[in-house]
>>> print(open('data-v4.tsv').read())   # TSV, N, CA and C atoms
chain	number	residue	atom	x	y	z
A	1	MET	N	0.84	-1.17	0.00
A	1	MET	CA	0.00	0.00	0.00
A	1	MET	C	0.89	1.24	0.00
A	2	THR	N	0.57	2.20	-0.86
A	2	THR	CA	1.36	3.42	-0.94
A	2	THR	C	0.59	4.58	-0.32
A	3	ALA	N	1.32	5.48	0.27
A	3	ALA	CA	0.69	6.66	0.88
A	3	ALA	C	0.37	7.69	-0.19
A	4	GLN	N	-0.82	8.25	-0.12
A	4	GLN	CA	-1.23	9.28	-1.06
A	4	GLN	C	-0.87	10.65	-0.49
A	5	PRO	N	-0.33	11.55	-1.31
A	5	PRO	CA	-0.04	12.89	-0.81
A	5	PRO	C	-1.34	13.60	-0.44
A	6	THR	N	-1.27	14.41	0.63
A	6	THR	CA	-2.47	15.10	1.08
A	6	THR	C	-2.84	16.24	0.14
A	7	GLN	N	-1.87	16.79	-0.51
A	7	GLN	CA	-2.13	17.90	-1.44
A	7	GLN	C	-1.28	17.68	-2.69
A	8	THR	N	-1.90	17.79	-3.85
A	8	THR	CA	-1.16	17.62	-5.08
A	8	THR	C	-0.71	18.98	-5.60
A	9	GLU	N	0.45	18.99	-6.16
A	9	GLU	CA	1.00	20.23	-6.71
A	9	GLU	C	0.48	20.44	-8.12
A	10	ALA	N	0.19	21.69	-8.46
A	10	ALA	CA	-0.30	22.01	-9.79
A	10	ALA	C	0.83	21.82	-10.81
A	11	LEU	N	0.49	21.19	-11.92
A	11	LEU	CA	1.46	20.95	-12.99
A	11	LEU	C	1.01	21.70	-14.23
A	12	LEU	N	1.98	22.20	-14.98
A	12	LEU	CA	1.71	22.95	-16.19
A	12	LEU	C	2.21	22.19	-17.41
A	13	THR	N	1.53	22.36	-18.52
A	13	THR	CA	1.97	21.76	-19.78
A	13	THR	C	3.06	22.64	-20.40
A	14	PRO	N	3.81	22.10	-21.36
A	14	PRO	CA	4.81	22.93	-22.03
A	14	PRO	C	4.20	24.18	-22.67
A	15	SER	N	3.01	24.07	-23.21
A	15	SER	CA	2.35	25.23	-23.83
A	15	SER	C	2.02	26.30	-22.80
A	16	GLU	N	1.58	25.88	-21.62
A	16	GLU	CA	1.26	26.85	-20.56
A	16	GLU	C	2.52	27.56	-20.08
A	17	VAL	N	3.60	26.82	-19.91
A	17	VAL	CA	4.87	27.43	-19.50
A	17	VAL	C	5.36	28.38	-20.58
A	18	ALA	N	5.28	27.95	-21.83
A	18	ALA	CA	5.73	28.78	-22.95
A	18	ALA	C	4.95	30.09	-23.00
A	19	ALA	N	3.66	30.04	-22.75
A	19	ALA	CA	2.85	31.26	-22.77
A	19	ALA	C	3.28	32.22	-21.66
A	20	LEU	N	3.63	31.68	-20.50
A	20	LEU	CA	4.07	32.54	-19.39
A	20	LEU	C	5.39	33.24	-19.71
A	21	PHE	N	6.30	32.51	-20.36
A	21	PHE	CA	7.62	33.07	-20.69
A	21	PHE	C	7.66	33.74	-22.06
A	22	ARG	N	6.56	33.60	-22.81
A	22	ARG	CA	6.46	34.16	-24.16
A	22	ARG	C	7.54	33.58	-25.08
A	23	VAL	N	7.65	32.26	-25.05
A	23	VAL	CA	8.57	31.53	-25.92
A	23	VAL	C	7.80	30.38	-26.57
A	24	ASP	N	8.43	29.69	-27.48
A	24	ASP	CA	7.84	28.54	-28.14
A	24	ASP	C	7.88	27.33	-27.18
A	25	PRO	N	6.88	26.46	-27.22
A	25	PRO	CA	6.90	25.27	-26.36
A	25	PRO	C	8.15	24.40	-26.54
A	26	LYS	N	8.72	24.36	-27.73
A	26	LYS	CA	9.95	23.59	-27.95
A	26	LYS	C	11.12	24.17	-27.13
A	27	THR	N	11.10	25.47	-26.91
A	27	THR	CA	12.13	26.11	-26.09
A	27	THR	C	12.03	25.61	-24.66
A	28	VAL	N	10.83	25.47	-24.15
A	28	VAL	CA	10.62	24.95	-22.80
A	28	VAL	C	11.16	23.52	-22.71
A	29	THR	N	10.90	22.72	-23.72
A	29	THR	CA	11.42	21.35	-23.75
A	29	THR	C	12.94	21.35	-23.77
A	30	ARG	N	13.54	22.25	-24.52
A	30	ARG	CA	15.01	22.35	-24.55
A	30	ARG	C	15.56	22.72	-23.17
A	31	TRP	N	14.89	23.64	-22.48
A	31	TRP	CA	15.32	24.02	-21.13
A	31	TRP	C	15.29	22.79	-20.21
A	32	ALA	N	14.25	21.97	-20.34
A	32	ALA	CA	14.14	20.78	-19.50
A	32	ALA	C	15.25	19.77	-19.83
A	33	LYS	N	15.51	19.57	-21.12
A	33	LYS	CA	16.56	18.65	-21.53
A	33	LYS	C	17.94	19.12	-21.06
A	34	ALA	N	18.13	20.45	-21.00
A	34	ALA	CA	19.40	21.02	-20.57
A	34	ALA	C	19.52	21.08	-19.04
A	35	GLY	N	18.43	20.73	-18.34
A	35	GLY	CA	18.48	20.74	-16.88
A	35	GLY	C	18.22	22.11	-16.26
A	36	LYS	N	17.77	23.05	-17.05
A	36	LYS	CA	17.50	24.39	-16.55
A	36	LYS	C	16.12	24.50	-15.91
A	37	LEU	N	15.28	23.52	-16.17
A	37	LEU	CA	13.93	23.48	-15.64
A	37	LEU	C	13.59	22.00	-15.45
A	38	SER	N	13.16	21.63	-14.25
A	38	SER	CA	12.86	20.21	-14.03
A	38	SER	C	11.47	19.88	-14.54
A	39	SER	N	11.32	18.65	-15.02
A	39	SER	CA	10.04	18.21	-15.55
A	39	SER	C	9.67	16.86	-14.96
A	40	ILE	N	8.40	16.59	-15.03
A	40	ILE	CA	7.84	15.31	-14.60
A	40	ILE	C	7.24	14.68	-15.85
A	41	ARG	N	7.40	13.38	-15.99
A	41	ARG	CA	6.82	12.68	-17.14
A	41	ARG	C	5.51	12.02	-16.73
A	42	THR	N	4.49	12.19	-17.56
A	42	THR	CA	3.22	11.52	-17.33
A	42	THR	C	3.35	10.06	-17.76
A	43	LEU	N	2.34	9.28	-17.47
A	43	LEU	CA	2.36	7.87	-17.90
A	43	LEU	C	2.44	7.77	-19.42
A	44	GLY	N	1.91	8.74	-20.13
A	44	GLY	CA	1.96	8.75	-21.58
A	44	GLY	C	3.26	9.32	-22.14
A	45	GLY	N	4.18	9.75	-21.27
A	45	GLY	CA	5.48	10.25	-21.71
A	45	GLY	C	5.52	11.75	-21.95
A	46	HIS	N	4.46	12.47	-21.61
A	46	HIS	CA	4.44	13.92	-21.81
A	46	HIS	C	5.09	14.62	-20.62
A	47	ARG	N	5.69	15.76	-20.91
A	47	ARG	CA	6.32	16.54	-19.84
A	47	ARG	C	5.31	17.44	-19.15
A	48	ARG	N	5.50	17.58	-17.84
A	48	ARG	CA	4.73	18.53	-17.04
A	48	ARG	C	5.71	19.24	-16.12
A	49	TYR	N	5.41	20.48	-15.81
A	49	TYR	CA	6.31	21.31	-15.02
A	49	TYR	C	5.60	21.79	-13.76
A	50	ARG	N	6.34	21.80	-12.64
A	50	ARG	CA	5.77	22.25	-11.37
A	50	ARG	C	5.49	23.75	-11.44
A	51	GLU	N	4.26	24.11	-11.13
A	51	GLU	CA	3.87	25.52	-11.20
A	51	GLU	C	4.69	26.38	-10.24
A	52	THR	N	5.00	25.87	-9.06
A	52	THR	CA	5.78	26.65	-8.10
A	52	THR	C	7.17	26.98	-8.63
A	53	GLU	N	7.80	26.02	-9.29
A	53	GLU	CA	9.13	26.25	-9.86
A	53	GLU	C	9.06	27.27	-11.01
A	54	VAL	N	8.06	27.12	-11.85
A	54	VAL	CA	7.90	28.04	-12.98
A	54	VAL	C	7.65	29.46	-12.48
A	55	ARG	N	6.76	29.59	-11.49
A	55	ARG	CA	6.45	30.92	-10.94
A	55	ARG	C	7.67	31.55	-10.28
A	56	SER	N	8.49	30.75	-9.61
A	56	SER	CA	9.69	31.31	-8.98
A	56	SER	C	10.69	31.78	-10.03
A	57	LEU	N	10.77	31.06	-11.15
A	57	LEU	CA	11.64	31.51	-12.24
A	57	LEU	C	11.12	32.81	-12.84
A	58	LEU	N	9.82	32.91	-12.97
A	58	LEU	CA	9.22	34.14	-13.50
A	58	LEU	C	9.46	35.32	-12.58
A	59	ALA	N	9.42	35.05	-11.28
A	59	ALA	CA	9.61	36.12	-10.30
A	59	ALA	C	11.08	36.50	-10.14
A	60	GLY	N	11.97	35.74	-10.74
A	60	GLY	CA	13.40	36.06	-10.66
A	60	GLY	C	14.09	35.46	-9.46
A	61	THR	N	13.41	34.58	-8.72
A	61	THR	CA	14.05	33.97	-7.57
A	61	THR	C	14.82	32.72	-7.94
A	62	GLY	N	14.61	32.24	-9.14
A	62	GLY	CA	15.30	31.04	-9.60
A	62	GLY	C	16.45	31.41	-10.51
A	63	MET	N	16.90	30.44	-11.28
A	63	MET	CA	18.01	30.67	-12.20
A	63	MET	C	17.54	31.46	-13.42
A	64	ALA	N	18.44	32.14	-14.04
A	64	ALA	CA	18.11	32.88	-15.27
A	64	ALA	C	18.10	31.90	-16.43
A	65	LEU	N	17.10	32.00	-17.26
A	65	LEU	CA	17.01	31.14	-18.42
A	65	LEU	C	17.58	31.85	-19.63
A	66	PRO	N	18.24	31.14	-20.52
A	66	PRO	CA	18.83	31.77	-21.69
A	66	PRO	C	17.77	32.36	-22.61
A	67	GLY	N	18.08	33.47	-23.21
A	67	GLY	CA	17.18	34.08	-24.16
A	67	GLY	C	16.12	34.96	-23.53
A	68	GLN	N	16.12	35.06	-22.23
A	68	GLN	CA	15.13	35.89	-21.55
A	68	GLN	C	15.75	37.25	-21.21
A	69	ARG	N	15.00	38.29	-21.51
A	69	ARG	CA	15.44	39.65	-21.19
A	69	ARG	C	14.88	40.04	-19.85
A	70	SER	N	15.68	40.69	-19.06
A	70	SER	CA	15.18	41.17	-17.78
A	70	SER	C	14.37	42.43	-18.00
A	71	PRO	N	13.49	42.80	-17.06
A	71	PRO	CA	12.71	44.02	-17.20
A	71	PRO	C	13.59	45.26	-17.34
A	72	ALA	N	14.79	45.23	-16.80
A	72	ALA	CA	15.70	46.37	-16.89
A	72	ALA	C	16.20	46.56	-18.33
A	73	ASP	N	16.19	45.46	-19.12
A	73	ASP	CA	16.66	45.54	-20.51
A	73	ASP	C	15.60	46.12	-21.45
A	74	ALA	N	14.36	46.13	-21.00
A	74	ALA	CA	13.26	46.57	-21.87
A	74	ALA	C	13.24	48.07	-22.07
>>> encode(input="data-v4.tsv", output="structure tokens")
Amino acid sequence: MTAQPTQTEALLTPSEVAALFRVDPKTVTRWAKAGKLSSIRTLGGHRRYRETEVRSLLAGTGMALPGQRSPADA
């Protein structure tokens, strides 16, 4: 018997992450393959990304992703 987590973490699709960062979904997949963003694989083999990690990257508390301009550059 396995223990079920009391609260599940929200997961985002590559398209949802891409929309937040304003990049192509393939770019998000490249970030995951390069280890710049961790992903979870579904039973069907699709990637999903933890919303908390994505939001922290957006807020600037995480690592800088290549190709992203900071607000100071705008």
>>> residues_around(input="data-v4.tsv", residues="segment 40-49 of chain A", least_positions_apart="4", cutoff="9 Å", atoms="only C-alpha atoms", output="ChimeraX atom specification")
/A:10-14,17,29,32,53-54
>>> atom_distance(input="data-v4.tsv", atom1="atom N of Leu37 of chain A", atom2="atom CA of Glu16 of chain A")
15.1 Å
>>> atom_distance(input="data-v4.tsv", atom1="atom CA of Pro25 of chain A", atom2="atom N of Gly60 of chain A")
19.5 Å
>>> atom_distance(input="data-v4.tsv", atom1="atom CA of Lys26 of chain A", atom2="atom N of Thr8 of chain A")
27.5 Å
>>> decode(input="data-v4.tsv", residues="segment 35-48 of chain A", atoms="C-alpha atoms", output="PDB file, in the first residue's frame")
ATOM      1  CA  GLY A  35      18.479  20.741 -16.882  1.00  0.00           C
ATOM      2  CA  LYS A  36      17.500  24.389 -16.547  1.00  0.00           C
ATOM      3  CA  LEU A  37      13.926  23.475 -15.638  1.00  0.00           C
ATOM      4  CA  SER A  38      12.861  20.210 -14.030  1.00  0.00           C
ATOM      5  CA  SER A  39      10.036  18.214 -15.546  1.00  0.00           C
ATOM      6  CA  ILE A  40       7.838  15.305 -14.603  1.00  0.00           C
ATOM      7  CA  ARG A  41       6.824  12.682 -17.142  1.00  0.00           C
ATOM      8  CA  THR A  42       3.220  11.521 -17.330  1.00  0.00           C
ATOM      9  CA  LEU A  43       2.361   7.875 -17.904  1.00  0.00           C
ATOM     10  CA  GLY A  44       1.960   8.748 -21.582  1.00  0.00           C
ATOM     11  CA  GLY A  45       5.477  10.251 -21.711  1.00  0.00           C
ATOM     12  CA  HIS A  46       4.438  13.920 -21.809  1.00  0.00           C
ATOM     13  CA  ARG A  47       6.322  16.537 -19.840  1.00  0.00           C
ATOM     14  CA  ARG A  48       4.726  18.526 -17.043  1.00  0.00           C
TER      15      ARG A  48
END
